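Listing of start_12.cif, mmCIF, C-alpha atoms
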```cif
data_entry
loop_
_atom_site.label_atom_id
_atom_site.label_comp_id
_atom_site.auth_asym_id
_atom_site.auth_seq_id
_atom_site.Cartn_x
_atom_site.Cartn_y
_atom_site.Cartn_z
CA MET A 264 -35.75 -16.56 9.37
CA LYS A 265 -32.16 -16.60 10.64
CA ASP A 266 -29.54 -15.07 8.28
CA ARG A 267 -26.99 -17.87 7.92
CA LYS A 268 -24.29 -15.35 7.04
CA ARG A 269 -24.37 -13.61 10.44
CA LYS A 270 -22.05 -15.85 12.41
CA LEU A 271 -21.32 -15.33 16.11
CA LEU A 272 -18.92 -17.47 18.14
CA VAL A 273 -19.27 -17.37 21.94
CA VAL A 274 -16.14 -18.53 23.80
CA GLU A 275 -17.24 -19.02 27.42
CA ASP A 276 -16.80 -21.90 29.86
CA ASP A 277 -19.76 -21.01 32.11
CA LYS A 278 -22.69 -23.22 31.02
CA GLY A 279 -25.33 -20.81 32.33
CA LEU A 280 -23.81 -17.86 30.50
CA GLN A 281 -23.43 -19.98 27.37
CA SER A 282 -27.18 -20.62 27.33
CA GLN A 283 -28.01 -17.00 28.14
CA LEU A 284 -25.86 -15.68 25.30
CA ARG A 285 -27.13 -18.25 22.82
CA TRP A 286 -30.74 -17.12 23.29
CA ALA A 287 -29.85 -13.41 23.42
CA PHE A 288 -28.74 -13.49 19.77
CA ASP A 289 -31.50 -15.30 17.93
CA ASP A 290 -30.81 -13.26 14.76
CA PHE A 291 -27.29 -14.73 14.57
CA GLU A 292 -26.05 -18.24 13.87
CA VAL A 293 -24.52 -18.79 17.33
CA THR A 294 -21.77 -21.34 17.97
CA ILE A 295 -20.49 -22.14 21.48
CA ALA A 296 -16.92 -23.04 22.52
CA GLY A 297 -15.81 -23.74 26.08
CA ASP A 298 -12.03 -23.57 25.75
CA ARG A 299 -9.21 -22.40 23.51
CA ALA A 300 -8.84 -25.58 21.43
CA GLU A 301 -12.57 -25.77 20.70
CA ALA A 302 -12.68 -22.03 19.89
CA ILE A 303 -9.86 -22.29 17.34
CA SER A 304 -11.48 -25.35 15.79
CA GLN A 305 -14.76 -23.45 15.36
CA VAL A 306 -12.97 -20.39 13.96
CA ARG A 307 -11.36 -22.56 11.30
CA ARG A 308 -14.71 -24.19 10.51
CA ILE A 309 -17.14 -21.27 10.37
CA GLU A 310 -14.94 -18.12 10.13
CA PRO A 311 -17.25 -16.07 12.39
CA ASN A 312 -17.97 -12.39 11.78
CA VAL A 313 -17.94 -11.66 15.52
CA VAL A 314 -16.51 -13.46 18.57
CA LEU A 315 -17.55 -12.92 22.21
CA LEU A 316 -14.48 -14.01 24.19
CA ASP A 317 -14.18 -14.55 27.94
CA LEU A 318 -10.57 -14.01 29.04
CA GLY A 319 -10.83 -16.53 31.90
CA LEU A 320 -10.73 -19.86 30.09
CA PRO A 321 -9.65 -23.30 31.35
CA PRO A 322 -7.12 -24.46 32.36
CA ASP A 323 -6.55 -20.91 33.71
CA PRO A 324 -10.10 -19.73 34.54
CA GLY A 325 -8.81 -17.34 37.20
CA GLY A 326 -6.26 -15.70 34.90
CA VAL A 327 -6.11 -14.25 31.40
CA THR A 328 -3.30 -16.27 29.80
CA GLU A 329 -5.56 -18.61 27.83
CA GLY A 330 -7.95 -15.83 26.84
CA LEU A 331 -5.22 -13.56 25.44
CA ALA A 332 -3.61 -16.50 23.65
CA THR A 333 -6.99 -17.37 22.12
CA LEU A 334 -7.43 -13.75 21.01
CA SER A 335 -4.05 -13.71 19.24
CA GLU A 336 -4.69 -17.02 17.53
CA ILE A 337 -8.15 -16.00 16.31
CA LEU A 338 -6.81 -12.77 14.80
CA SER A 339 -3.92 -14.59 13.13
CA LEU A 340 -6.38 -17.00 11.48
CA THR A 341 -9.11 -14.49 10.54
CA PRO A 342 -7.85 -10.89 10.88
CA ALA A 343 -11.21 -9.43 9.82
CA THR A 344 -13.12 -11.11 12.66
CA LYS A 345 -14.25 -8.66 15.35
CA VAL A 346 -13.46 -9.97 18.84
CA ILE A 347 -15.36 -8.49 21.80
CA ILE A 348 -13.85 -9.26 25.20
CA LEU A 349 -16.11 -10.18 28.13
CA THR A 350 -14.40 -9.13 31.34
CA GLY A 351 -15.09 -8.79 35.06
CA ASP A 352 -14.89 -5.54 37.03
CA ASP A 353 -11.35 -6.32 38.23
CA ASN A 354 -9.99 -7.05 34.74
CA TYR A 355 -10.13 -3.58 33.19
CA ALA A 356 -6.35 -3.41 32.62
CA ASN A 357 -6.39 -6.75 30.83
CA ALA A 358 -9.33 -5.64 28.71
CA VAL A 359 -7.35 -2.60 27.61
CA LYS A 360 -4.39 -4.85 26.89
CA SER A 361 -6.59 -7.01 24.68
CA ILE A 362 -7.56 -3.91 22.67
CA ALA A 363 -3.86 -3.25 22.07
CA LEU A 364 -3.54 -6.83 20.80
CA GLY A 365 -6.28 -6.24 18.23
CA ALA A 366 -9.63 -6.85 19.97
CA TYR A 367 -12.52 -4.76 18.63
CA ASP A 368 -14.01 -3.76 22.02
CA PHE A 369 -14.80 -5.08 25.51
CA HIS A 370 -17.91 -5.39 27.70
CA GLN A 371 -17.95 -5.83 31.47
CA LYS A 372 -19.86 -8.62 33.20
CA PRO A 373 -22.59 -9.01 34.21
CA ALA A 374 -23.63 -8.47 30.61
CA ASP A 375 -26.30 -5.92 29.80
CA PRO A 376 -28.26 -7.73 27.03
CA GLN A 377 -29.27 -4.54 25.21
CA MET A 378 -25.81 -2.95 25.28
CA LEU A 379 -24.12 -6.20 24.31
CA ALA A 380 -26.57 -6.74 21.43
CA LEU A 381 -25.86 -3.22 20.19
CA LEU A 382 -22.10 -3.81 20.43
CA VAL A 383 -22.27 -7.14 18.57
CA ASP A 384 -24.51 -5.71 15.86
CA ARG A 385 -22.15 -2.79 15.36
CA ALA A 386 -19.13 -5.09 15.21
CA TYR A 387 -20.89 -7.21 12.59
CA HIS A 388 -21.54 -4.17 10.40
CA VAL A 389 -17.90 -3.05 10.67
CA ASN A 390 -16.82 -6.56 9.68
CA ALA A 391 -19.21 -6.51 6.72
CA LEU A 392 -17.91 -3.11 5.60
CA GLU A 393 -14.30 -4.28 5.78
CA LEU A 394 -15.07 -7.41 3.76
CA GLU A 395 -16.87 -5.30 1.15
CA ASN A 396 -13.97 -2.86 0.99
CA ARG A 397 -11.56 -5.74 0.53
CA ARG A 398 -13.71 -7.07 -2.30
CA LEU A 399 -13.66 -3.67 -3.99
CA GLN A 400 -9.89 -3.44 -3.58
CA ASN A 401 -9.51 -6.82 -5.26
CA HIS A 402 -11.37 -5.39 -8.25
CA ASN A 403 -9.04 -2.37 -8.35
CA HIS A 404 -11.75 0.09 -7.38
CA ASN A 405 -9.77 1.37 -4.41
CA GLN A 406 -10.35 5.11 -4.21
CA ASN A 407 -6.72 5.47 -3.13
CA MET A 408 -5.56 4.00 -6.44
CA PRO A 409 -6.31 6.82 -8.91
CA LEU A 410 -4.25 5.03 -11.58
CA MET A 411 -3.43 1.35 -11.98
CA GLY A 412 -0.62 0.46 -9.59
CA ILE A 413 -0.31 3.95 -8.07
CA ILE A 414 -1.60 4.18 -4.48
CA THR A 415 -1.87 7.72 -3.15
CA SER A 416 -4.08 10.27 -1.43
CA SER A 417 -1.57 13.14 -1.41
CA PRO A 418 -2.30 16.31 -3.43
CA GLN A 419 1.24 16.17 -4.84
CA MET A 420 0.86 12.72 -6.41
CA LEU A 421 -2.77 13.28 -7.39
CA LYS A 422 -1.56 16.23 -9.48
CA VAL A 423 0.93 13.92 -11.21
CA CYS A 424 -1.85 11.39 -11.86
CA ARG A 425 -4.10 14.04 -13.41
CA THR A 426 -1.25 15.08 -15.72
CA ILE A 427 -0.70 11.45 -16.75
CA GLU A 428 -4.40 11.13 -17.59
CA LYS A 429 -4.22 14.26 -19.77
CA ILE A 430 -1.12 13.37 -21.76
CA ALA A 431 -1.58 9.57 -22.03
CA PRO A 432 -3.85 9.67 -25.14
CA SER A 433 -1.20 11.61 -27.10
CA ASP A 434 2.19 10.40 -28.39
CA ILE A 435 4.11 13.26 -26.78
CA THR A 436 7.60 12.27 -25.62
CA THR A 437 7.69 12.36 -21.82
CA LEU A 438 10.55 12.69 -19.34
CA VAL A 439 9.87 11.39 -15.82
CA LEU A 440 12.12 12.85 -13.12
CA GLY A 441 12.40 11.68 -9.52
CA ALA A 442 14.70 10.15 -6.92
CA SER A 443 15.31 6.40 -6.91
CA GLY A 444 12.38 4.43 -5.49
CA THR A 445 9.68 7.06 -6.12
CA GLY A 446 7.83 5.00 -8.73
CA LYS A 447 8.97 6.40 -12.08
CA GLU A 448 8.40 3.09 -13.86
CA LEU A 449 4.85 2.86 -12.44
CA CYS A 450 4.12 6.28 -13.97
CA ALA A 451 5.54 5.11 -17.31
CA ARG A 452 3.33 2.01 -17.18
CA ALA A 453 0.28 4.15 -16.35
CA LEU A 454 1.03 6.34 -19.38
CA HIS A 455 1.14 3.24 -21.56
CA GLU A 456 -1.98 1.59 -20.10
CA LEU A 457 -4.07 4.74 -20.62
CA SER A 458 -2.83 5.29 -24.18
CA PRO A 459 -4.21 3.97 -27.50
CA ARG A 460 -1.07 1.77 -27.57
CA ALA A 461 -2.13 -0.23 -24.49
CA ASN A 462 -2.82 -3.37 -26.55
CA HIS A 463 0.79 -3.41 -27.77
CA ALA A 464 4.06 -3.93 -25.91
CA LEU A 465 5.64 -1.73 -23.28
CA VAL A 466 9.37 -2.43 -23.64
CA ALA A 467 11.55 -1.20 -20.75
CA ILE A 468 15.33 -0.99 -20.79
CA ASN A 469 17.56 0.28 -17.97
CA CYS A 470 20.38 2.28 -19.55
CA ALA A 471 22.44 2.07 -16.35
CA ALA A 472 22.19 -1.71 -15.97
CA ILE A 473 23.68 -2.69 -19.36
CA PRO A 474 27.37 -2.11 -20.23
CA GLY A 475 27.86 0.53 -22.92
CA ASN A 476 29.37 -1.91 -25.42
CA LEU A 477 26.20 -4.07 -25.24
CA LEU A 478 23.60 -1.31 -24.94
CA GLU A 479 23.80 -0.29 -28.62
CA SER A 480 23.01 -3.83 -29.83
CA GLU A 481 20.23 -4.11 -27.22
CA LEU A 482 18.59 -0.93 -28.46
CA PHE A 483 19.18 -1.08 -32.21
CA GLY A 484 19.73 -4.78 -32.97
CA TYR A 485 22.41 -6.27 -35.23
CA GLU A 486 22.99 -8.24 -38.43
CA LYS A 487 24.48 -11.70 -38.61
CA GLY A 488 28.28 -11.46 -38.52
CA ALA A 489 28.30 -7.83 -37.32
CA PHE A 490 30.65 -8.85 -34.48
CA THR A 491 31.99 -11.98 -32.82
CA GLY A 492 29.04 -14.02 -31.53
CA ALA A 493 26.47 -12.42 -33.84
CA VAL A 494 25.29 -15.73 -35.33
CA LYS A 495 21.92 -14.46 -36.56
CA GLN A 496 20.03 -11.27 -37.30
CA THR A 497 18.54 -9.92 -34.06
CA PRO A 498 16.04 -7.03 -33.72
CA GLY A 499 16.65 -4.44 -31.00
CA LYS A 500 14.39 -3.32 -28.19
CA ILE A 501 13.22 -0.33 -30.22
CA GLU A 502 11.83 -2.66 -32.90
CA TYR A 503 10.16 -4.88 -30.30
CA ALA A 504 8.32 -1.78 -29.05
CA ASP A 505 6.83 -1.06 -32.52
CA LYS A 506 3.22 0.19 -32.18
CA GLY A 507 3.75 0.30 -28.39
CA THR A 508 5.84 2.25 -25.87
CA LEU A 509 9.61 2.29 -25.30
CA PHE A 510 10.62 3.14 -21.72
CA LEU A 511 14.25 4.24 -21.36
CA ASP A 512 14.98 4.20 -17.65
CA GLU A 513 18.02 6.06 -16.27
CA ILE A 514 18.62 7.80 -19.58
CA GLY A 515 21.09 10.08 -17.81
CA ASP A 516 23.52 7.13 -17.88
CA LEU A 517 23.33 6.71 -21.67
CA PRO A 518 26.87 6.92 -23.14
CA MET A 519 27.59 10.01 -25.28
CA GLU A 520 28.21 7.96 -28.44
CA LEU A 521 24.74 6.41 -28.15
CA GLN A 522 23.07 9.73 -27.43
CA ALA A 523 23.75 10.87 -31.02
CA LYS A 524 22.28 7.67 -32.44
CA LEU A 525 19.19 7.91 -30.21
CA LEU A 526 18.73 11.54 -31.24
CA ARG A 527 18.73 10.53 -34.91
CA PHE A 528 16.08 7.89 -34.21
CA LEU A 529 13.91 10.41 -32.35
CA GLN A 530 14.14 12.82 -35.29
CA GLU A 531 13.62 10.34 -38.13
CA ARG A 532 11.90 7.37 -36.43
CA VAL A 533 14.05 4.82 -38.25
CA VAL A 534 16.72 2.44 -36.91
CA GLU A 535 19.68 0.67 -38.52
CA HIS A 536 21.02 -2.63 -37.20
CA ILE A 537 24.69 -2.77 -36.26
CA GLY A 538 26.42 -4.03 -39.39
CA GLY A 539 23.37 -3.23 -41.54
CA ARG A 540 22.46 -0.50 -44.00
CA LYS A 541 18.71 -0.87 -44.24
CA GLU A 542 16.59 1.78 -42.51
CA ILE A 543 13.75 0.20 -40.52
CA PRO A 544 10.79 2.49 -39.70
CA VAL A 545 9.44 2.15 -36.15
CA ASP A 546 6.20 3.61 -34.76
CA VAL A 547 6.77 3.96 -31.03
CA ARG A 548 6.08 6.31 -28.15
CA ILE A 549 9.11 7.30 -26.06
CA VAL A 550 9.04 7.69 -22.28
CA CYS A 551 12.33 8.40 -20.50
CA ALA A 552 13.22 8.57 -16.82
CA THR A 553 16.19 9.48 -14.67
CA HIS A 554 17.07 10.32 -11.07
CA GLN A 555 19.88 12.61 -12.25
CA ASN A 556 19.82 16.36 -12.93
CA LEU A 557 20.16 16.42 -16.73
CA GLU A 558 20.80 20.16 -16.83
CA ASP A 559 23.85 19.65 -14.59
CA LEU A 560 25.03 16.83 -16.87
CA ILE A 561 24.62 19.14 -19.89
CA SER A 562 26.76 21.83 -18.22
CA LYS A 563 29.45 19.21 -17.57
CA GLY A 564 29.37 17.99 -21.16
CA LEU A 565 27.97 14.57 -20.22
CA PHE A 566 24.54 14.88 -21.86
CA ARG A 567 23.55 16.39 -25.19
CA GLU A 568 21.42 19.51 -24.93
CA ASP A 569 19.61 18.78 -28.21
CA LEU A 570 18.72 15.28 -26.96
CA TYR A 571 17.40 16.76 -23.70
CA TYR A 572 14.98 19.00 -25.60
CA ARG A 573 13.86 16.05 -27.74
CA ILE A 574 12.94 13.87 -24.77
CA SER A 575 11.41 16.56 -22.54
CA ASP A 576 8.32 17.73 -24.48
CA ILE A 577 6.50 17.04 -21.20
CA VAL A 578 8.31 16.68 -17.86
CA LEU A 579 6.72 14.78 -14.95
CA GLU A 580 8.39 15.43 -11.60
CA ILE A 581 7.64 12.68 -9.07
CA PRO A 582 7.78 13.93 -5.46
CA SER A 583 9.73 12.04 -2.84
CA LEU A 584 7.81 9.97 -0.30
CA LYS A 585 8.56 12.53 2.43
CA GLU A 586 6.83 15.19 0.33
CA ARG A 587 3.62 13.16 -0.14
CA GLU A 588 1.24 14.10 2.66
CA GLY A 589 -0.44 11.06 4.18
CA ASP A 590 1.01 8.56 1.71
CA THR A 591 3.53 6.90 4.03
CA LEU A 592 0.92 5.22 6.24
CA LEU A 593 -1.39 4.55 3.29
CA LEU A 594 1.36 2.76 1.36
CA ALA A 595 2.61 0.99 4.49
CA LYS A 596 -0.86 -0.52 5.07
CA SER A 597 -1.03 -1.61 1.44
CA PHE A 598 2.36 -3.32 1.69
CA LEU A 599 1.32 -4.86 5.03
CA ASN A 600 -1.73 -6.46 3.38
CA GLN A 601 0.35 -7.62 0.42
CA TRP A 602 3.08 -9.31 2.46
CA ASN A 603 0.57 -10.67 5.00
CA LYS A 604 -1.08 -12.69 2.24
CA GLU A 605 2.25 -13.97 0.96
CA TYR A 606 3.82 -14.90 4.29
CA ARG A 607 0.60 -15.67 6.27
CA SER A 608 1.81 -13.43 9.07
CA SER A 609 -0.09 -12.68 12.28
CA ALA A 610 0.74 -8.96 11.97
CA LYS A 611 -2.36 -6.95 11.09
CA CYS A 612 -1.49 -3.37 12.04
CA PHE A 613 1.29 -0.98 13.06
CA SER A 614 1.89 0.09 16.66
CA ALA A 615 1.52 3.75 17.61
CA GLY A 616 5.31 3.91 17.94
CA ALA A 617 5.78 2.49 14.44
CA ILE A 618 3.35 5.04 12.96
CA ALA A 619 5.15 7.89 14.73
CA ALA A 620 8.56 6.58 13.62
CA MET A 621 7.42 6.31 9.98
CA ALA A 622 6.10 9.88 10.09
CA ALA A 623 9.39 11.19 11.54
CA TYR A 624 11.68 9.29 9.14
CA ASP A 625 12.97 10.99 5.96
CA TRP A 626 12.75 7.90 3.68
CA PRO A 627 15.87 8.46 1.55
CA GLY A 628 15.03 5.27 -0.37
CA ASN A 629 11.44 6.44 -0.88
CA VAL A 630 8.64 3.94 -1.62
CA ARG A 631 11.07 1.12 -2.39
CA GLU A 632 12.65 1.48 1.07
CA LEU A 633 9.23 1.61 2.74
CA GLU A 634 8.18 -1.60 1.03
CA SER A 635 11.40 -3.31 2.08
CA ARG A 636 11.05 -2.26 5.73
CA VAL A 637 7.39 -3.32 5.92
CA LYS A 638 8.28 -6.67 4.37
CA ARG A 639 10.93 -7.18 7.06
CA GLY A 640 8.47 -6.10 9.76
CA VAL A 641 5.86 -8.62 8.57
CA ILE A 642 8.39 -11.46 8.54
CA MET A 643 9.84 -10.58 11.97
CA ALA A 644 6.54 -9.76 13.74
CA ASP A 645 5.79 -11.79 16.88
CA GLY A 646 2.24 -10.58 17.49
CA SER A 647 -0.54 -8.71 15.74
CA GLN A 648 1.35 -5.41 15.64
CA ILE A 649 4.51 -4.29 13.83
CA SER A 650 6.69 -2.13 16.06
CA ALA A 651 9.18 0.61 15.17
CA GLU A 652 11.93 -1.87 16.03
CA GLY A 653 10.44 -4.34 13.58
CA LEU A 654 10.77 -1.70 10.87
CA GLU A 655 14.30 -0.90 12.10
CA LEU A 656 13.21 2.66 12.76
CA ALA A 657 13.64 4.75 15.87
CA SER A 658 12.16 8.10 16.82
CA SER A 659 14.62 11.00 16.86
CA LYS A 660 15.78 11.98 20.32
CA GLU A 661 17.37 15.27 19.25
CA GLU A 662 15.87 18.33 20.92
CA SER A 663 14.38 21.02 18.72
CA MET A 664 12.58 24.31 19.22
CA PRO A 665 9.09 23.71 20.57
CA GLU A 666 6.22 24.33 18.16
CA THR A 667 3.23 26.52 18.88
CA LEU A 668 0.17 24.90 20.41
CA LYS A 669 -1.84 25.60 17.25
CA VAL A 670 0.71 23.81 15.05
CA ILE A 671 0.86 20.87 17.47
CA ARG A 672 -2.94 20.64 17.62
CA ASP A 673 -3.30 20.88 13.83
CA LYS A 674 -0.72 18.12 13.34
CA ALA A 675 -2.38 15.94 15.98
CA ASP A 676 -5.82 16.49 14.40
CA TYR A 677 -4.46 15.67 10.93
CA THR A 678 -2.74 12.50 12.14
CA ALA A 679 -5.78 11.38 14.16
CA VAL A 680 -8.16 11.90 11.23
CA LEU A 681 -5.88 10.07 8.80
CA GLN A 682 -5.48 7.13 11.19
CA ALA A 683 -9.22 6.95 11.89
CA MET A 684 -10.09 7.03 8.19
CA SER A 685 -7.45 4.43 7.44
CA HIS A 686 -8.55 2.24 10.39
CA THR A 687 -12.18 2.26 9.21
CA ASN A 688 -11.32 1.82 5.52
CA GLN A 689 -12.52 5.35 4.66
CA ASN A 690 -15.94 4.94 6.30
CA VAL A 691 -16.82 8.46 7.50
CA THR A 692 -19.52 7.34 9.95
CA GLU A 693 -17.29 4.79 11.68
CA ALA A 694 -14.31 7.19 11.67
CA ALA A 695 -16.43 9.86 13.36
CA ASN A 696 -17.45 7.34 16.03
CA VAL A 697 -13.80 6.38 16.59
CA LEU A 698 -12.84 10.06 16.95
CA GLY A 699 -15.81 10.81 19.21
CA ILE A 700 -17.18 13.56 16.94
CA THR A 701 -20.23 13.98 14.72
CA ARG A 702 -20.17 13.08 11.05
CA PRO A 703 -20.72 16.73 9.89
CA THR A 704 -17.76 17.79 12.05
CA LEU A 705 -15.57 15.14 10.44
CA TYR A 706 -16.67 16.22 6.96
CA LYS A 707 -15.60 19.78 7.80
CA LEU A 708 -12.23 18.54 9.08
CA LEU A 709 -11.66 16.45 5.95
CA GLU A 710 -12.44 19.44 3.75
CA ARG A 711 -10.23 21.81 5.77
CA MET A 712 -7.31 19.37 5.76
CA GLY A 713 -7.67 18.49 2.08
CA ILE A 714 -8.05 14.76 2.80
CA ARG A 715 -9.81 12.78 0.06
CA HIS A 716 -12.59 10.46 1.18
#
```

I need this file expressed as structure tokens, please.
Amino acid sequence: MKDRKRKLLVVEDDKGLQSQLRWAFDDFEVTIAGDRAEAISQVRRIEPNVVLLDLGLPPDPGGVTEGLATLSEILSLTPATKVIILTGDDNYANAVKSIALGAYDFHQKPADPQMLALLVDRAYHVNALELENRRLQNHNHNQNMPLMGIITSSPQMLKVCRTIEKIAPSDITTLVLGASGTGKELCARALHELSPRANHALVAINCAAIPGNLLESELFGYEKGAFTGAVKQTPGKIEYADKGTLFLDEIGDLPMELQAKLLRFLQERVVEHIGGRKEIPVDVRIVCATHQNLEDLISKGLFREDLYYRISDIVLEIPSLKEREGDTLLLAKSFLNQWNKEYRSSAKCFSAGAIAAMAAYDWPGNVRELESRVKRGVIMADGSQISAEGLELASSKEESMPETLKVIRDKADYTAVLQAMSHTNQNVTEAANVLGITRPTLYKLLERMGIRH
């Protein structure tokens, strides 16, 4: 009995070949289209797993214009569909071009039924694996998301994640250090979500975003009539975080006069409203973060040393994006998928130049900058690929001392393995096929390079 889920679309204007291909795939639900308009209509209707596409379609049967346009339109509508190009002996260059545009593979005419059947079956299984991986990602079981909201495969960030898992169940006061855009707030949220306080509020306040004269009332609350405009009693953020977690972001910007008041709260766990005399007990966990060097601020008299020791029972240092091995491309693909869904873009991958440019760039704005550049690339993309220009990145042209052949080979192997694993959604068998090596060899490479799979 035919499996109705195995859908194959054949886009071919030759009636004889249409019939031949229809009967060659009796284990698929085969649909035939003779031109671009009919092909796109069928893609919208059935969302095929695999498409066999002849590049020479009317009204340009002797050229490839219609075929390539059909390819681009199919991939923009259903990016997961695997398109196999059927090409003549004299169209090899165009077949290669179609691969660059996103086609899965190509097969030369006259078609060898056995080889073509093998190719289609393999393409179907890759499509099925990708759909299953996407389903798992939607349920937050992505192996590259060790903690909720944190996407990484780098040893540096995985170490941070393990520390978060260890300290989350306790109430220990935690200081998160890292440059702007590294994800300090995500780490604070992970601490909260893994703690016994997860069912209560996580209250975040940015100490650098609120003027000093307003920050005290925001944190500690005030009584009616305490100052002009105080028309009613108002609790502060600390009270709102009772039984939950208080996240003080950019604590290095906290004014000195408030540092003493915060220190008293940390010691006694009670707050007093501005204009009030009643001590209000608060049960809250404190997580602080800053991009500044607090020890330098202490030496300059801008931050209290006793407060520093109160907030730094445990210190988490978040590495910059440049220091996270393999995370740039991993995060870029995640952002690409995210913005693709929102903007319905035709872009489905990064060009080789874009990947090289991302690897060479220092990312001073860290993950936040990467997300911004990928978002721009998705919006500005003309085809299925995002270029280095689309990311507003360019490879460095400065000359440097040449590296040894061993270093160059190791780097090339590492990059190739990462790209193959990413391209196949972490499927070792498919990645080995892409790389042209055996699966045991790839396992050894993954182990030697320290790449999680």

Using only C-alpha atoms, the residue out of A:Arg460, A:Lys707, A:Arg299, A:Lys524 with shortest distance to Leu320 of chain A is A:Arg299

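Those DNA, RNA and protein residues that approach the point (28.9, 10.6, -25.7) to within 12 Å, considering all atoms listed in the file, are Gly475, Gly515, Asp516, Leu517, Pro518, Met519, Glu520, Leu521, Gln522, Ala523, Lys524, Leu525, Leu526, Leu560, Ile561, Lys563, Gly564, Leu565, Phe566, Arg567, Glu568 and Leu570 of chain A.
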
Selected residues written out, C-alpha atoms, as a PDB file, in the frame of the given file:
```
ATOM      1  CA  GLY A 475      27.860   0.530 -22.920  1.00  0.00           C
ATOM      2  CA  GLY A 515      21.090  10.080 -17.810  1.00  0.00           C
ATOM      3  CA  ASP A 516      23.520   7.130 -17.880  1.00  0.00           C
ATOM      4  CA  LEU A 517      23.330   6.710 -21.670  1.00  0.00           C
ATOM      5  CA  PRO A 518      26.870   6.920 -23.140  1.00  0.00           C
ATOM      6  CA  MET A 519      27.590  10.010 -25.280  1.00  0.00           C
ATOM      7  CA  GLU A 520      28.210   7.960 -28.440  1.00  0.00           C
ATOM      8  CA  LEU A 521      24.740   6.410 -28.150  1.00  0.00           C
ATOM      9  CA  GLN A 522      23.070   9.730 -27.430  1.00  0.00           C
ATOM     10  CA  ALA A 523      23.750  10.870 -31.020  1.00  0.00           C
ATOM     11  CA  LYS A 524      22.280   7.670 -32.440  1.00  0.00           C
ATOM     12  CA  LEU A 525      19.190   7.910 -30.210  1.00  0.00           C
ATOM     13  CA  LEU A 526      18.730  11.540 -31.240  1.00  0.00           C
ATOM     14  CA  LEU A 560      25.030  16.830 -16.870  1.00  0.00           C
ATOM     15  CA  ILE A 561      24.620  19.140 -19.890  1.00  0.00           C
ATOM     16  CA  LYS A 563      29.450  19.210 -17.570  1.00  0.00           C
ATOM     17  CA  GLY A 564      29.370  17.990 -21.160  1.00  0.00           C
ATOM     18  CA  LEU A 565      27.970  14.570 -20.220  1.00  0.00           C
ATOM     19  CA  PHE A 566      24.540  14.880 -21.860  1.00  0.00           C
ATOM     20  CA  ARG A 567      23.550  16.390 -25.190  1.00  0.00           C
ATOM     21  CA  GLU A 568      21.420  19.510 -24.930  1.00  0.00           C
ATOM     22  CA  LEU A 570      18.720  15.280 -26.960  1.00  0.00           C
TER      23      LEU A 570
END
```

Margin query: Please list as a PyMOL selection string every residue within 10 Å of segment 416-426 of chain A, counting only C-alpha atoms and excluding residues in the same chain fewer than 2 positions away.
Written below: chain A and resi 406-410+413-414+428-431+450+453-454+577-584+586-591+593-594+713-716

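The environment of segment 435-438 of chain A within 10 Å, counting all atoms listed in the file and disregarding residues fewer than 6 places along the same chain, consists of Ile427, Lys447, Ala451, Leu454, Phe510, Leu511, Asp512, Ile514, Leu529, Val547, Arg548, Ile549, Val550, Cys551, Ala552, Thr553, Tyr571, Tyr572, Arg573, Ile574, Ser575, Asp576, Ile577, Val578, Leu579 and Glu580 of chain A.
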
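Nearest-residue note for Glu336 of chain A: choosing from A:Val273, A:Val439, A:Val306, A:Val313, the minimum distance belongs to A:Val306, counting only C-alpha atoms.
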
| query | Taking the file as shown, what set of residues would the PyMOL selection byres ((chain A and resi 350) around 6) give back, as a list in words? | reply | Leu349, Gly351, Asn354, Gln371 and Lys372 of chain A

In Å and to one decimal, atom CA of Glu535 of chain A is distant from atom CA of Val494 of chain A by 17.6 Å

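Compared by their closest atoms to Gly492 of chain A, and using only C-alpha atoms, the residues A:Arg285, A:Ser480, A:Gly441, A:Met411 rank with A:Ser480 nearest.
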
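Atom pair atom CA of Asp276 of chain A / atom CA of Gly319 of chain A has a distance of 8.3 Å (rounded to one decimal).
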
Once the PyMOL selection byres ((chain A and resi 338) around 10) has been evaluated on this model, what residues remain selected, and can you format them as a list in words? Val306, Thr333, Leu334, Ser335, Glu336, Ile337, Ser339, Leu340, Thr341, Pro342, Ala343, Thr344, Lys345, Val346, Leu364, Gly365, Ala366, Ser609, Ala610, Lys611, Gly646 and Ser647 of chain A

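Proximity to Glu605 of chain A was assessed for A:Val641, A:Val545, A:Asn390, A:Leu284 counting only C-alpha atoms; the smallest distance is recorded for A:Val641.
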
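Taking atom CA of Leu709 of chain A and atom CA of Ser597 of chain A as endpoints, the distance between them is 21.4 Å.
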
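Close contacts of segment 670-685 of chain A, defined as residues with an atom at most 9 Å away when counting only C-alpha atoms, with chain neighbours fewer than 5 positions off set aside, comprise Gly589, Leu592, Leu593, Lys596, Asn690, Val691, Glu693, Ala694, Ala695, Val697, Leu698, Leu705, Leu708, Leu709, Met712, Ile714 and His716 of chain A.
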
Which residues are close to segment 464-468 of chain A, i.e. within 9 Å by only C-alpha atoms, leaving aside same-chain residues fewer than 4 positions away? Reply as a PyMOL selection string.
chain A and resi 448+452+455-456+460+472-473+481-482+500-501+503-513

message = For the PyMOL selection byres ((chain A and resi 270) around 12), applied here, can you spell out every residue it catches as a PyMOL selection string?
response = chain A and resi 265-269+271-273+285+288-295+305-306+308-315+344-345+383-384+386-388+390-391

Counting all atoms listed in the file, the residue among A:Lys541, A:Asp546, A:Gly446, A:Phe528 that lies closest to Asp434 of chain A is A:Asp546

Up to 8 Å from (17.5, -10.4, -35.0) in the file's coordinates: name the residues, counting all atoms listed in the file, as a ChimeraX atom specification.
/A:484-487,495-499
